[in-house]
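Shown next: data-v8.pdb, containing PDB, C-alpha atoms.
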```
ATOM      1  CA  MET G   6       9.285  14.020  -0.366
ATOM      2  CA  ALA G   7       5.610  14.629  -1.009
ATOM      3  CA  ILE G   8       3.040  11.859  -0.875
ATOM      4  CA  ASN G   9       0.230  11.271  -3.348
ATOM      5  CA  GLU G  10      -3.289   9.850  -3.098
ATOM      6  CA  GLN G  11      -2.071   6.291  -3.676
ATOM      7  CA  ASP G  12       0.405   6.720  -0.816
ATOM      8  CA  LYS G  13      -2.412   7.946   1.428
ATOM      9  CA  GLY G  14      -4.489   4.866   0.578
ATOM     10  CA  PHE G  15      -1.679   2.480   1.511
ATOM     11  CA  LEU G  16      -0.961   4.453   4.688
ATOM     12  CA  ARG G  17      -4.613   4.204   5.686
ATOM     13  CA  GLU G  18      -4.481   0.450   5.165
ATOM     14  CA  ALA G  19      -1.371   0.230   7.355
ATOM     15  CA  ILE G  20      -3.106   2.283  10.053
ATOM     16  CA  GLN G  21      -6.145  -0.026   9.945
ATOM     17  CA  MET G  22      -3.834  -3.037  10.231
ATOM     18  CA  ALA G  23      -2.121  -1.434  13.246
ATOM     19  CA  GLU G  24      -5.482  -0.976  14.954
ATOM     20  CA  ALA G  25      -6.359  -4.603  14.214
ATOM     21  CA  SER G  26      -3.002  -5.654  15.657
ATOM     22  CA  VAL G  27      -3.841  -3.959  18.951
ATOM     23  CA  ARG G  28      -7.225  -5.715  19.059
ATOM     24  CA  LEU G  29      -5.449  -9.070  18.601
ATOM     25  CA  GLY G  30      -2.937  -8.406  21.384
ATOM     26  CA  GLY G  31      -0.049  -7.163  19.267
ATOM     27  CA  GLY G  32       1.712  -3.828  19.169
ATOM     28  CA  PRO G  33       0.177  -0.746  17.511
ATOM     29  CA  PHE G  34       2.279  -0.930  14.366
ATOM     30  CA  ALA G  35       1.772  -2.308  10.850
ATOM     31  CA  ALA G  36       3.550  -2.150   7.517
ATOM     32  CA  LEU G  37       3.009  -2.899   3.834
ATOM     33  CA  VAL G  38       5.546  -3.409   1.064
ATOM     34  CA  VAL G  39       4.215  -2.273  -2.307
ATOM     35  CA  ARG G  40       5.661  -2.700  -5.780
ATOM     36  CA  ASP G  41       3.966  -1.211  -8.846
ATOM     37  CA  GLY G  42       0.772  -0.542  -6.893
ATOM     38  CA  GLU G  43       0.486  -4.129  -5.611
ATOM     39  CA  ILE G  44       0.924  -5.160  -1.983
ATOM     40  CA  VAL G  45       3.663  -7.806  -1.923
ATOM     41  CA  GLY G  46       4.189  -8.031   1.830
ATOM     42  CA  ARG G  47       2.309  -7.277   5.045
ATOM     43  CA  GLY G  48       3.401  -7.215   8.634
ATOM     44  CA  ASN G  49       2.074  -6.435  12.074
ATOM     45  CA  ASN G  50       4.079  -5.918  15.220
ATOM     46  CA  ARG G  51       4.385  -9.307  16.943
ATOM     47  CA  VAL G  52       7.060  -8.546  19.543
ATOM     48  CA  THR G  53       4.984  -9.591  22.543
ATOM     49  CA  LEU G  54       3.016 -12.281  20.716
ATOM     50  CA  ASN G  55       6.164 -14.010  19.423
ATOM     51  CA  LEU G  56       8.384 -13.061  22.382
ATOM     52  CA  ASP G  57      10.767 -11.686  19.744
ATOM     53  CA  PRO G  58      12.186  -8.151  20.006
ATOM     54  CA  THR G  59      12.915  -8.178  16.251
ATOM     55  CA  ALA G  60       9.326  -8.985  15.227
ATOM     56  CA  HIS G  61       8.537  -5.399  14.268
ATOM     57  CA  ALA G  62       5.926  -4.772  11.597
ATOM     58  CA  GLU G  63       8.479  -3.511   9.083
ATOM     59  CA  VAL G  64      10.694  -6.578   9.478
ATOM     60  CA  GLN G  65       7.664  -8.866   9.158
ATOM     61  CA  ALA G  66       6.528  -7.064   5.992
ATOM     62  CA  ILE G  67      10.014  -7.096   4.475
ATOM     63  CA  ARG G  68      10.334 -10.843   5.142
ATOM     64  CA  ALA G  69       6.919 -11.514   3.609
ATOM     65  CA  ALA G  70       7.726  -9.405   0.525
ATOM     66  CA  CYS G  71      11.084 -11.112   0.001
ATOM     67  CA  GLU G  72       9.453 -14.524   0.237
ATOM     68  CA  HIS G  73       6.638 -13.488  -2.117
ATOM     69  CA  LEU G  74       9.029 -12.000  -4.682
ATOM     70  CA  GLY G  75      11.708 -14.659  -4.279
ATOM     71  CA  ASP G  76      14.443 -12.086  -3.758
ATOM     72  CA  PHE G  77      16.202 -10.485  -0.803
ATOM     73  CA  ARG G  78      16.339  -7.198  -2.730
ATOM     74  CA  LEU G  79      13.185  -5.108  -2.727
ATOM     75  CA  THR G  80      14.341  -2.710  -5.418
ATOM     76  CA  GLY G  81      11.500  -0.554  -6.678
ATOM     77  CA  CYS G  82       9.375  -1.186  -3.577
ATOM     78  CA  THR G  83       7.895   1.256  -1.096
ATOM     79  CA  LEU G  84       7.419   0.477   2.577
ATOM     80  CA  TYR G  85       4.256   2.007   4.058
ATOM     81  CA  VAL G  86       4.304   2.121   7.828
ATOM     82  CA  SER G  87       1.765   3.222  10.398
ATOM     83  CA  CYS G  88       4.601   4.883  12.348
ATOM     84  CA  GLU G  89       8.097   6.173  11.628
ATOM     85  CA  PRO G  90      10.549   3.237  11.662
ATOM     86  CA  CYS G  91      12.868   2.612  14.592
ATOM     87  CA  PRO G  92      16.630   2.362  13.942
ATOM     88  CA  MET G  93      16.479  -1.430  13.445
ATOM     89  CA  CYS G  94      13.664  -1.191  10.921
ATOM     90  CA  LEU G  95      15.268   1.703   9.111
ATOM     91  CA  ALA G  96      18.479  -0.337   8.804
ATOM     92  CA  ALA G  97      16.458  -3.306   7.517
ATOM     93  CA  SER G  98      14.906  -0.983   4.931
ATOM     94  CA  TYR G  99      18.351  -0.038   3.689
ATOM     95  CA  TRP G 100      19.501  -3.686   3.606
ATOM     96  CA  ALA G 101      16.364  -4.584   1.627
ATOM     97  CA  ARG G 102      17.171  -1.784  -0.839
ATOM     98  CA  LEU G 103      13.730  -0.254  -0.611
ATOM     99  CA  GLU G 104      13.141   2.759  -2.823
ATOM    100  CA  ARG G 105      11.038   4.724  -0.323
ATOM    101  CA  VAL G 106       9.584   4.637   3.171
ATOM    102  CA  VAL G 107       6.304   6.447   3.790
ATOM    103  CA  TYR G 108       5.016   6.658   7.356
ATOM    104  CA  ALA G 109       2.048   8.142   9.237
ATOM    105  CA  ALA G 110       2.679   8.743  12.973
ATOM    106  CA  SER G 111       6.049  10.126  14.037
ATOM    107  CA  ALA G 112       8.632   8.662  16.388
ATOM    108  CA  ALA G 113       7.600  11.406  18.830
ATOM    109  CA  ASP G 114       3.987  10.174  18.663
ATOM    110  CA  ALA G 115       5.177   6.666  19.537
ATOM    111  CA  ALA G 116       7.431   7.943  22.325
ATOM    112  CA  ALA G 117       4.505   9.809  23.876
ATOM    113  CA  VAL G 118       2.794   6.461  24.572
ATOM    114  CA  GLY G 119       5.854   4.541  25.709
ATOM    115  CA  PHE G 120       7.559   3.409  22.484
ATOM    116  CA  ASP G 121      10.589   5.660  22.869
ATOM    117  CA  ASP G 122      13.654   4.705  20.842
ATOM    118  CA  THR G 123      15.437   8.040  21.322
ATOM    119  CA  HIS G 124      18.091   6.357  23.466
ATOM    120  CA  ILE G 125      18.930   3.986  20.604
ATOM    121  CA  HIS G 126      19.402   6.887  18.182
ATOM    122  CA  GLU G 127      21.601   8.627  20.745
ATOM    123  CA  GLN G 128      23.623   5.490  21.482
ATOM    124  CA  LEU G 129      24.366   4.895  17.798
ATOM    125  CA  LEU G 130      25.925   8.359  17.557
ATOM    126  CA  LEU G 131      28.361   7.675  20.406
ATOM    127  CA  PRO G 132      31.811   6.143  19.967
ATOM    128  CA  GLU G 133      31.693   2.417  20.727
ATOM    129  CA  ALA G 134      33.551   2.821  24.046
ATOM    130  CA  GLN G 135      30.880   5.229  25.331
ATOM    131  CA  ARG G 136      27.838   3.118  24.498
ATOM    132  CA  GLN G 137      25.683   1.522  27.160
ATOM    133  CA  LEU G 138      25.864  -1.836  25.352
ATOM    134  CA  LYS G 139      29.445  -2.958  25.838
ATOM    135  CA  MET G 140      31.200  -4.606  22.915
ATOM    136  CA  ALA G 141      34.464  -6.508  22.710
ATOM    137  CA  GLN G 142      36.338  -7.873  19.702
ATOM    138  CA  GLY G 143      38.392 -11.049  19.658
ATOM    139  CA  LEU G 144      39.762 -13.575  17.175
ATOM    140  CA  ARG G 145      39.661 -11.052  14.337
ATOM    141  CA  ALA G 146      41.918 -13.021  11.983
ATOM    142  CA  GLU G 147      39.912 -16.221  12.542
ATOM    143  CA  GLY G 148      36.692 -14.267  12.163
ATOM    144  CA  ALA G 149      37.853 -12.992   8.776
ATOM    145  CA  ALA G 150      38.284 -16.541   7.412
ATOM    146  CA  PRO G 151      34.628 -16.897   6.346
ATOM    147  CA  PHE G 152      34.968 -13.666   4.328
ATOM    148  CA  THR G 153      37.987 -15.054   2.500
ATOM    149  CA  LEU G 154      36.070 -18.229   1.740
ATOM    150  CA  TRP G 155      33.081 -16.197   0.536
ATOM    151  CA  GLN G 156      35.279 -14.116  -1.771
ATOM    152  CA  GLN G 157      36.737 -17.317  -3.259
ATOM    153  CA  THR G 158      33.313 -18.831  -3.895
ATOM    154  CA  GLU G 159      32.610 -18.412  -7.611
ATOM    155  CA  ASP G 160      28.836 -18.956  -7.491
ATOM    156  CA  ARG G 161      28.190 -16.631  -4.528
ATOM    157  CA  VAL G 162      25.285 -14.216  -4.564
ATOM    158  CA  ASP G 163      26.603 -10.725  -3.988
ATOM    159  CA  TYR G 164      24.706  -8.414  -1.693
TER     160      TYR G 164
END
```

Any chance you could give the structure as structure tokens?
Amino acid sequence: MAINEQDKGFLREAIQMAEASVRLGGGPFAALVVRDGEIVGRGNNRVTLNLDPTAHAEVQAIRAACEHLGDFRLTGCTLYVSCEPCPMCLAASYWARLERVVYAASAADAAAVGFDDTHIHEQLLLPEAQRQLKMAQGLRAEGAAPFTLWQQTEDRVDY
């Protein structure tokens, strides 16, 4: 996918936000959600500031955009990121139904300075039994009860 001049402008803004984040004690990442040329959400990495491993710039921007637009679906939106998204942020981008993700620095650039998520990518490709993070299932039938209730709820909001 090629990028255009508008994309470059939003990427530059995300890069400037990432630099500002570092100056304020946050991580070197920032993100913008844009719909129809308008910024509808912004986010900086706040992992260490919030003591929250999920406070990545992309997640912060997605949350802000959803609140601003009053919808959990960001259909028609583009996420501009100062660096290629990690697996969590990429998954969040899919859940948000973003149309595109445009990024500046690569995951390799981030890894070169200590932000290496290669092991996460590798772990996700392994069968569950071989993963470093051990998982166990229990009470499956009881755990399915909320799904049955959700399916029976007439005024539910489908994902």

Open item on the list: I'd like to see the residues matched by the PyMOL selection byres ((chain G and resi 47) around 12) on this file, and ideally I'd get them as a PyMOL selection string.
Closed with: chain G and resi 15+18-19+22-23+26+34-39+43-46+48-50+61-73+83-87

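Running the PyMOL selection byres ((chain G and resi 101) around 8) on this file leaves Ile67, Phe77, Arg78, Leu79, Thr80, Ala97, Ser98, Tyr99, Trp100, Arg102 and Leu103 of chain G selected.
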
Task: atom CA of Glu127 of chain G to atom CA of Asp114 of chain G, straight-line distance in Å - done: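 Interatomic distance, atom CA of Asp114 of chain G to atom CA of Glu127 of chain G: 17.8 Å.
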
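The spacing separating atom CA of Gly32 of chain G from atom CA of Leu54 of chain G amounts to 8.7 Å.
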
Task: atom CA of Leu95 of chain G to atom CA of Arg28 of chain G, distance in Å rounded to a single decimal - done: 25.7 Å

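Take the candidates G:Leu74, G:Val107, G:Lys139, G:Val52 and check each one against Gln11 of chain G using only C-alpha atoms; the shortest distance goes to G:Val107.
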
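The shortest atom-to-atom distance to Asp57 of chain G, with all atoms listed in the file taken into account, belongs to G:Gly31 out of G:Asp76, G:Gly81, G:Ala7, G:Gly31.
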